[in-house]
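Here the structure comes first, spelled out in structure tokens, and everything after it is commentary.
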There are 2 protein chains.
Amino acid sequence: MITTLEEMGQAAQNAAAELAILPAAKKNTVLNAMADALAAHRQAILTANADDLVNAADLPAKFVDRLRLTDARIQDMATGLRQVAGLPDPTAQADKGWTTDAGLHIVQQRVPLGVVGIIFEARPNVTVDAAGLTFKSGNAVILRGGKEALRSNMALAKVLQDVLANHGLPVAAIQLITDTSHATAQALMRLNGYVDVLIPRGGAGLIQTVVKNATVPVIETGAGNCHIYVDQGADLQMAENIVVNAKVQRPSVCNAAEKLLIHQDVAADYLPVLAAALRAHGVELRGDARARAIVPDMIPATAADWDTEYNDLIMAVKVVDSLDAAIAHINTHNTKHSEAIITNDYTASQRFLQRIDAACVYVNASTRFTDGFEFGFGAEIGISTQKLHARGPMGLTQLTTIKYEIRGDGQVRS
Amino acid sequence: MITTLEEMGQAAQNAAAELAILPAAKKNTVLNAMADALAAHRQAILTANADDLVNAADLPAKFVDRLRLTDARIQDMATGLRQVAGLPDPTAQADKGWTTDAGLHIVQQRVPLGVVGIIFEARPNVTVDAAGLTFKSGNAVILRGGKEALRSNMALAKVLQDVLANHGLPVAAIQLITDTSHATAQALMRLNGYVDVLIPRGGAGLIQTVVKNATVPVIETGAGNCHIYVDQGADLQMAENIVVNAKVQRPSVCNAAEKLLIHQDVAADYLPVLAAALRAHGVELRGDARARAIVPDMIPATAADWDTEYNDLIMAVKVVDSLDAAIAHINTHNTKHSEAIITNDYTASQRFLQRIDAACVYVNASTRFTDGFEFGFGAEIGISTQKLHARGPMGLTQLTTIKYEIRGDGQVRS
């Protein structure tokens, strides 16, 4: 019986050693069996979720919606597992190999990270999505979800663990922390020696808590204060299409645009058109003084607006003197996620690409494309907004590290 | 006048934005000018170092030796800068590019990390080595050295900063923290938003302090408890050459071997030979019960020995039942640095390569090869023993991250 976090950590490390040498074919068989098992145990999962929903009855509707499981959502989770089964195994790859001056043959082999910790909020689907991705990449996972989703998460984890057991694999490959106290979450953040990386998935508050408190390595994900800059060289129709898409197609996600910057030379002509198009989709606009001089009925933007991720149908608008002013504003206020310029000016596009500091920098496309599936990675565990290890969409490869395998014939160093 | 750490951080960020777009040729010119300047200001550097040495007179001889600068050591620093100037610029490279289903052209471009913090002890040469590597890779650096080396570090930093100024570059590209209080070091570890990565360089105590206290991303380096496992299939002469080299060629460094494991089937024949060879080089041996039954006059090894990095002419010896027992022992006690098997058995070599969890796993070669220069990286800022971002020897490329540059022609997401 595992009772302490250290015991969970040790069990995860032991499981990770087994997963690291598991052939891809076996992993894929297990992932497909997990998908079957989710369908087979649909009713038990929905019953557990119903208990969570009863307890969450007083919480905001948006929160309850994230917590709710349905037949369709269980089907989506199963489909996700089958898709992951169909992807290449990143640990079956070597990046490169070379021979050194001393005659050593070095292969840079991809290997699992080991034990991945995931701290998340009230979306039970994270249990299955994260377990699938970590399992496929050969990692053991320790999951710690929000207390509101505990029964749902326990039901889902049990389904996955039973499949592991049925295939002769260690159930500690997928562990759920059922003690949802803050103290235990804090202890997970400091489980050095057992947790190789901790990935928080949720809002800015959760992520900052993890960054400030963790002593294990952390990957920051999912904070997006994305900008669209409409340059003087922009095509108005293209600008309208992209700005509207980036703002309204799915406003709750981190790659949605939150800010619109527009060059002063085209602001008088373009801004009324862009504002009308956004408002036609229900977007609330907040403008600086120059933007409001052109479109008078915007709400005045405050200093705080430039640093705020709304995740909602709100957009702040600023008129800038120049391309360089736009670049300076973005580099000061962005979260290093995704930034776009709309322009047909070649020099402007090059300058923007080179000087913006962000994971993804776009010319003439919507920021909404920052996504593991859209990038062709086949899956995604999150969007990294830090610079170490992984930047931008994280697929299976970003859940691995390297090992140098070095073959010699008796070399010693002189 | 920069007075607070936040101001240093902001100045470093501003400098980093300039460095990020600096052509390689300009960077190389500056690095060579820095090498010239070190030679030209040799006397001022030695005078400052003499002051440090006076204050350190009561400290251990080993410590004073690390602190001492000489003409030859200044020459070595200058040579190091010229070598770095001669290496390829990692930020001039793109890793790959592809076109997505939506028709977006994505380039995975190498870019600098931004601002690198280095916390180190009493080796003034780290000031120059770290500044050269971070500058070449387009990063600004904030250096915080031990208080015993403060005058030496200030003299060296001034030489480098004067060269920056003479070339019209921001002196904040290379900054030295002159307040050597613990409080300031702690504040550097928590300078989120300004420091993109912190790399401690020094002993295990320093590294653990940084890991436990930092909220900025950290790369752990330099802890080595390396093992040589002599398999039943080993050639005795090769085993002797490698064990002796790995232990005695430079015992103070992290890639030196600290532990000798030997298969029980060859222990009776091999261990007396290996023990005699090691003792001929002045190595103190500490054995488990089975090793002492074969070579009786070893010091008994305690449980603590298996987790200790000696950095000295000491080696602990253990007789193991099997290859798998050796693998299990290593994976339990190693620091994930460098591990070697000596064998001519193909199956044993494969099993060891696959199952050992370490940055570098060797067959029939000395662990002493874990080194950026030996790997062909041309330079090294340290040996990472963590799994995120960089593992093993860290060269210039490991001081960079990626940026996705995405070129479209009006794509929106549907």
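As shown in the structure tokens, the chain order sets the letters A, B, ...; within each chain, residues go from 1, and ligands are also counted from 1 in the order they appear.
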Residue contacts of Ala24 (chain A) (9 Å, only C-alpha atoms) excluding same-chain residues fewer than 4 positions away, as a PDB file with N, CA, C and O atoms, in the first residue's frame:
ATOM      1  N   ASN A  28       1.595   0.741 -27.703  1.00  0.00           N
ATOM      2  CA  ASN A  28       0.428   1.055 -28.533  1.00  0.00           C
ATOM      3  C   ASN A  28      -0.740   0.122 -28.237  1.00  0.00           C
ATOM      4  O   ASN A  28      -1.903   0.543 -28.212  1.00  0.00           O
ATOM      5  N   THR A  29      -0.422  -1.157 -28.019  1.00  0.00           N
ATOM      6  CA  THR A  29      -1.465  -2.115 -27.640  1.00  0.00           C
ATOM      7  C   THR A  29      -2.166  -1.665 -26.363  1.00  0.00           C
ATOM      8  O   THR A  29      -3.396  -1.696 -26.252  1.00  0.00           O
ATOM      9  N   ALA A  85      -1.562   6.415 -29.836  1.00  0.00           N
ATOM     10  CA  ALA A  85      -1.046   5.091 -30.201  1.00  0.00           C
ATOM     11  C   ALA A  85      -0.525   5.084 -31.638  1.00  0.00           C
ATOM     12  O   ALA A  85       0.444   4.381 -31.960  1.00  0.00           O
ATOM     13  N   PRO A  88       4.459   8.145 -33.963  1.00  0.00           N
ATOM     14  CA  PRO A  88       5.783   7.517 -33.779  1.00  0.00           C
ATOM     15  C   PRO A  88       6.236   7.632 -32.327  1.00  0.00           C
ATOM     16  O   PRO A  88       5.922   8.606 -31.641  1.00  0.00           O
ATOM     17  N   ASP A  89       6.970   6.632 -31.863  1.00  0.00           N
ATOM     18  CA  ASP A  89       7.522   6.625 -30.507  1.00  0.00           C
ATOM     19  C   ASP A  89       8.797   7.481 -30.510  1.00  0.00           C
ATOM     20  O   ASP A  89       9.778   7.122 -31.168  1.00  0.00           O
ATOM     21  N   THR A  91      11.072   7.811 -28.382  1.00  0.00           N
ATOM     22  CA  THR A  91      12.251   7.157 -27.798  1.00  0.00           C
ATOM     23  C   THR A  91      12.804   6.072 -28.726  1.00  0.00           C
ATOM     24  O   THR A  91      13.817   5.448 -28.404  1.00  0.00           O
ATOM     25  N   ALA A  92      12.156   5.870 -29.854  1.00  0.00           N
ATOM     26  CA  ALA A  92      12.711   4.953 -30.863  1.00  0.00           C
ATOM     27  C   ALA A  92      13.669   5.691 -31.791  1.00  0.00           C
ATOM     28  O   ALA A  92      14.205   5.101 -32.729  1.00  0.00           O
ATOM     29  N   LYS A 136       3.082   6.992 -23.687  1.00  0.00           N
ATOM     30  CA  LYS A 136       3.636   6.745 -25.023  1.00  0.00           C
ATOM     31  C   LYS A 136       5.110   7.161 -25.108  1.00  0.00           C
ATOM     32  O   LYS A 136       5.917   6.514 -25.784  1.00  0.00           O
TER      33      LYS A 136
END
Practice task
Fewer than 2 positions away in the same chain doesn't count, so skip those; otherwise give me all residues within 8 Å of Leu261 (chain B), counting only C-alpha atoms, as a ChimeraX atom specification.
Solution key: /B:227-230,259,263,317-320,326
Handout entry: Secondary structure check, strand (DSSP E or B) residues of region 152-356 of chain A, as a PyMOL selection string
Key = chain A and resi 174-176+197-201+218+221+226-230+257-263+284-287+299-300+314-320+338-342
Exercise for the section: Considering only C-alpha atoms, return as a list of chain:residue names whatever protein or nucleic-acid residues lie within 6 Å of region 175-187 of chain B, sequence-local ones (same chain, fewer than 6 positions apart) excluded. Expected result: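 Contacts, with the query itself left out: B:Ile142, B:Leu143, B:Arg144, B:Lys147.
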Practice task
Would you mind listing what lies within 7 Å of Leu38 (chain A) as a list in words, with only C-alpha atoms counted and same-chain residues fewer than 3 positions away left out?
Solution key: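 Surrounding residues, per the criterion: Met34, Ala35, His41, Arg42, Ile74, Ala78 and Val159 of chain A.
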For the selection just defined, write its residues with C-alpha atoms to a file, as a short mmCIF file (atom, residue, chain, number, x, y, z; two decimals), in the first residue's frame.
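Dumped to result.cif:
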data_model
loop_
_atom_site.label_atom_id
_atom_site.label_comp_id
_atom_site.auth_asym_id
_atom_site.auth_seq_id
_atom_site.Cartn_x
_atom_site.Cartn_y
_atom_site.Cartn_z
CA MET A 34 -7.15 1.92 -22.49
CA ALA A 35 -9.36 3.52 -25.13
CA HIS A 41 -16.49 1.66 -18.15
CA ARG A 42 -18.35 4.70 -19.39
CA ILE A 74 -15.39 10.16 -22.94
CA ALA A 78 -10.66 7.43 -26.12
CA VAL A 159 -9.71 2.34 -15.63
#
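Backbone DSSP assigns helix (DSSP H, G or I) in region 125-160 of chain B to Asn125, Val126, Thr127, Val128, Asp129, Ala130, Ala131, Gly132, Leu133, Thr134, Phe135, Lys136, Lys147, Glu148, Ala149, Leu150, Arg151, Ser152, Asn153, Met154, Ala155, Leu156, Ala157, Lys158, Val159 and Leu160 of chain B.
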Mind writing the picked residues with N, CA and C atoms as a PDB file, in the first residue's frame?
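Here's the written file result-v3.pdb:
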ATOM      1  N   ASN B 125      38.664  32.611 -13.338  1.00  0.00           N
ATOM      2  CA  ASN B 125      38.607  32.318 -14.770  1.00  0.00           C
ATOM      3  C   ASN B 125      37.180  32.079 -15.249  1.00  0.00           C
ATOM      4  N   VAL B 126      36.267  31.711 -14.317  1.00  0.00           N
ATOM      5  CA  VAL B 126      34.866  31.510 -14.709  1.00  0.00           C
ATOM      6  C   VAL B 126      34.281  32.812 -15.257  1.00  0.00           C
ATOM      7  N   THR B 127      34.706  33.936 -14.701  1.00  0.00           N
ATOM      8  CA  THR B 127      34.225  35.238 -15.198  1.00  0.00           C
ATOM      9  C   THR B 127      34.451  35.351 -16.704  1.00  0.00           C
ATOM     10  N   VAL B 128      35.653  35.040 -17.126  1.00  0.00           N
ATOM     11  CA  VAL B 128      35.997  35.195 -18.546  1.00  0.00           C
ATOM     12  C   VAL B 128      35.401  34.060 -19.381  1.00  0.00           C
ATOM     13  N   ASP B 129      35.519  32.831 -18.897  1.00  0.00           N
ATOM     14  CA  ASP B 129      34.998  31.696 -19.670  1.00  0.00           C
ATOM     15  C   ASP B 129      33.497  31.848 -19.905  1.00  0.00           C
ATOM     16  N   ALA B 130      32.758  32.139 -18.839  1.00  0.00           N
ATOM     17  CA  ALA B 130      31.297  32.232 -18.944  1.00  0.00           C
ATOM     18  C   ALA B 130      30.898  33.428 -19.797  1.00  0.00           C
ATOM     19  N   ALA B 131      31.602  34.550 -19.626  1.00  0.00           N
ATOM     20  CA  ALA B 131      31.274  35.737 -20.425  1.00  0.00           C
ATOM     21  C   ALA B 131      31.505  35.462 -21.907  1.00  0.00           C
ATOM     22  N   GLY B 132      32.585  34.772 -22.237  1.00  0.00           N
ATOM     23  CA  GLY B 132      32.879  34.479 -23.639  1.00  0.00           C
ATOM     24  C   GLY B 132      31.815  33.581 -24.264  1.00  0.00           C
ATOM     25  N   LEU B 133      31.413  32.540 -23.549  1.00  0.00           N
ATOM     26  CA  LEU B 133      30.435  31.594 -24.095  1.00  0.00           C
ATOM     27  C   LEU B 133      29.048  32.223 -24.208  1.00  0.00           C
ATOM     28  N   THR B 134      28.649  32.973 -23.198  1.00  0.00           N
ATOM     29  CA  THR B 134      27.323  33.586 -23.258  1.00  0.00           C
ATOM     30  C   THR B 134      27.296  34.672 -24.337  1.00  0.00           C
ATOM     31  N   PHE B 135      28.385  35.454 -24.446  1.00  0.00           N
ATOM     32  CA  PHE B 135      28.421  36.510 -25.469  1.00  0.00           C
ATOM     33  C   PHE B 135      28.339  35.904 -26.870  1.00  0.00           C
ATOM     34  N   LYS B 136      29.124  34.866 -27.122  1.00  0.00           N
ATOM     35  CA  LYS B 136      29.123  34.257 -28.449  1.00  0.00           C
ATOM     36  C   LYS B 136      27.753  33.695 -28.809  1.00  0.00           C
ATOM     37  N   LYS B 147      32.986  35.789  -2.756  1.00  0.00           N
ATOM     38  CA  LYS B 147      33.516  37.066  -2.250  1.00  0.00           C
ATOM     39  C   LYS B 147      35.039  37.068  -2.219  1.00  0.00           C
ATOM     40  N   GLU B 148      35.657  35.887  -2.085  1.00  0.00           N
ATOM     41  CA  GLU B 148      37.109  35.827  -2.014  1.00  0.00           C
ATOM     42  C   GLU B 148      37.767  36.260  -3.337  1.00  0.00           C
ATOM     43  N   ALA B 149      37.010  36.162  -4.428  1.00  0.00           N
ATOM     44  CA  ALA B 149      37.571  36.501  -5.739  1.00  0.00           C
ATOM     45  C   ALA B 149      37.052  37.840  -6.260  1.00  0.00           C
ATOM     46  N   LEU B 150      36.448  38.634  -5.399  1.00  0.00           N
ATOM     47  CA  LEU B 150      35.736  39.829  -5.868  1.00  0.00           C
ATOM     48  C   LEU B 150      36.637  40.801  -6.629  1.00  0.00           C
ATOM     49  N   ARG B 151      37.819  41.100  -6.067  1.00  0.00           N
ATOM     50  CA  ARG B 151      38.680  42.087  -6.737  1.00  0.00           C
ATOM     51  C   ARG B 151      39.158  41.563  -8.088  1.00  0.00           C
ATOM     52  N   SER B 152      39.512  40.287  -8.129  1.00  0.00           N
ATOM     53  CA  SER B 152      39.938  39.687  -9.404  1.00  0.00           C
ATOM     54  C   SER B 152      38.799  39.745 -10.420  1.00  0.00           C
ATOM     55  N   ASN B 153      37.606  39.375  -9.971  1.00  0.00           N
ATOM     56  CA  ASN B 153      36.458  39.365 -10.883  1.00  0.00           C
ATOM     57  C   ASN B 153      36.130  40.767 -11.382  1.00  0.00           C
ATOM     58  N   MET B 154      36.237  41.752 -10.476  1.00  0.00           N
ATOM     59  CA  MET B 154      35.955  43.133 -10.885  1.00  0.00           C
ATOM     60  C   MET B 154      36.955  43.600 -11.940  1.00  0.00           C
ATOM     61  N   ALA B 155      38.233  43.250 -11.724  1.00  0.00           N
ATOM     62  CA  ALA B 155      39.256  43.652 -12.695  1.00  0.00           C
ATOM     63  C   ALA B 155      39.001  42.994 -14.052  1.00  0.00           C
ATOM     64  N   LEU B 156      38.667  41.712 -14.030  1.00  0.00           N
ATOM     65  CA  LEU B 156      38.412  40.999 -15.287  1.00  0.00           C
ATOM     66  C   LEU B 156      37.166  41.544 -15.976  1.00  0.00           C
ATOM     67  N   ALA B 157      36.095  41.758 -15.206  1.00  0.00           N
ATOM     68  CA  ALA B 157      34.854  42.255 -15.798  1.00  0.00           C
ATOM     69  C   ALA B 157      35.072  43.636 -16.410  1.00  0.00           C
ATOM     70  N   LYS B 158      35.870  44.473 -15.739  1.00  0.00           N
ATOM     71  CA  LYS B 158      36.123  45.819 -16.264  1.00  0.00           C
ATOM     72  C   LYS B 158      36.833  45.750 -17.617  1.00  0.00           C
ATOM     73  N   VAL B 159      37.804  44.853 -17.726  1.00  0.00           N
ATOM     74  CA  VAL B 159      38.507  44.692 -19.005  1.00  0.00           C
ATOM     75  C   VAL B 159      37.516  44.318 -20.114  1.00  0.00           C
ATOM     76  N   LEU B 160      36.636  43.373 -19.818  1.00  0.00           N
ATOM     77  CA  LEU B 160      35.680  42.915 -20.838  1.00  0.00           C
ATOM     78  C   LEU B 160      34.665  44.012 -21.163  1.00  0.00           C
TER      79      LEU B 160
END
Problem - Within 8 Å of Gln249 (chain B) using only C-alpha atoms, minus same-chain residues under 5 positions, as an NGL selection string - result: (:A and (413-414)) or (:B and (244 or 256))
Keeping only N, CA and C atoms, take the residues you just selected and write them out as a PDB file, in the first residue's frame.
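Result file follows (out24.pdb):
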ATOM      1  N   ARG A 413      41.898   8.792 -21.537  1.00  0.00           N
ATOM      2  CA  ARG A 413      42.170  10.200 -21.837  1.00  0.00           C
ATOM      3  C   ARG A 413      43.608  10.533 -21.498  1.00  0.00           C
ATOM      4  N   SER A 414      44.258  11.256 -22.386  1.00  0.00           N
ATOM      5  CA  SER A 414      45.660  11.597 -22.144  1.00  0.00           C
ATOM      6  C   SER A 414      45.770  13.058 -21.740  1.00  0.00           C
TER       7      SER A 414
ATOM      8  N   VAL B 244      42.234   2.819 -14.135  1.00  0.00           N
ATOM      9  CA  VAL B 244      43.300   3.706 -13.656  1.00  0.00           C
ATOM     10  C   VAL B 244      43.143   5.095 -14.256  1.00  0.00           C
ATOM     11  N   ALA B 256      35.664  12.057 -13.229  1.00  0.00           N
ATOM     12  CA  ALA B 256      36.548  11.019 -12.692  1.00  0.00           C
ATOM     13  C   ALA B 256      35.693   9.907 -12.082  1.00  0.00           C
TER      14      ALA B 256
END
Practice task
Mind checking which residues fall within 12 Å of Ile402 (chain A), counting only C-alpha atoms, ignoring those fewer than 4 positions away in the same chain, and posting them as a PyMOL selection string?
Solution key: (chain A and resi 90-96+106-114+389+397-398) or (chain B and resi 336+357-361+384-393)
Practice task
Identify which of the residues A:Ile21, A:Leu31, A:Leu191, A:Val141 lies closest to chain B, counting only C-alpha atoms when measuring atom-to-atom distances.
Solution key: A:Ile21
Practice task
Find the residue from A:Asp52, A:Glu240, A:Asp162, A:Asp321 that sits nearest to chain B; use only C-alpha atoms when measuring.
Solution key: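 Of all the options, A:Glu240 lies closest to chain B.
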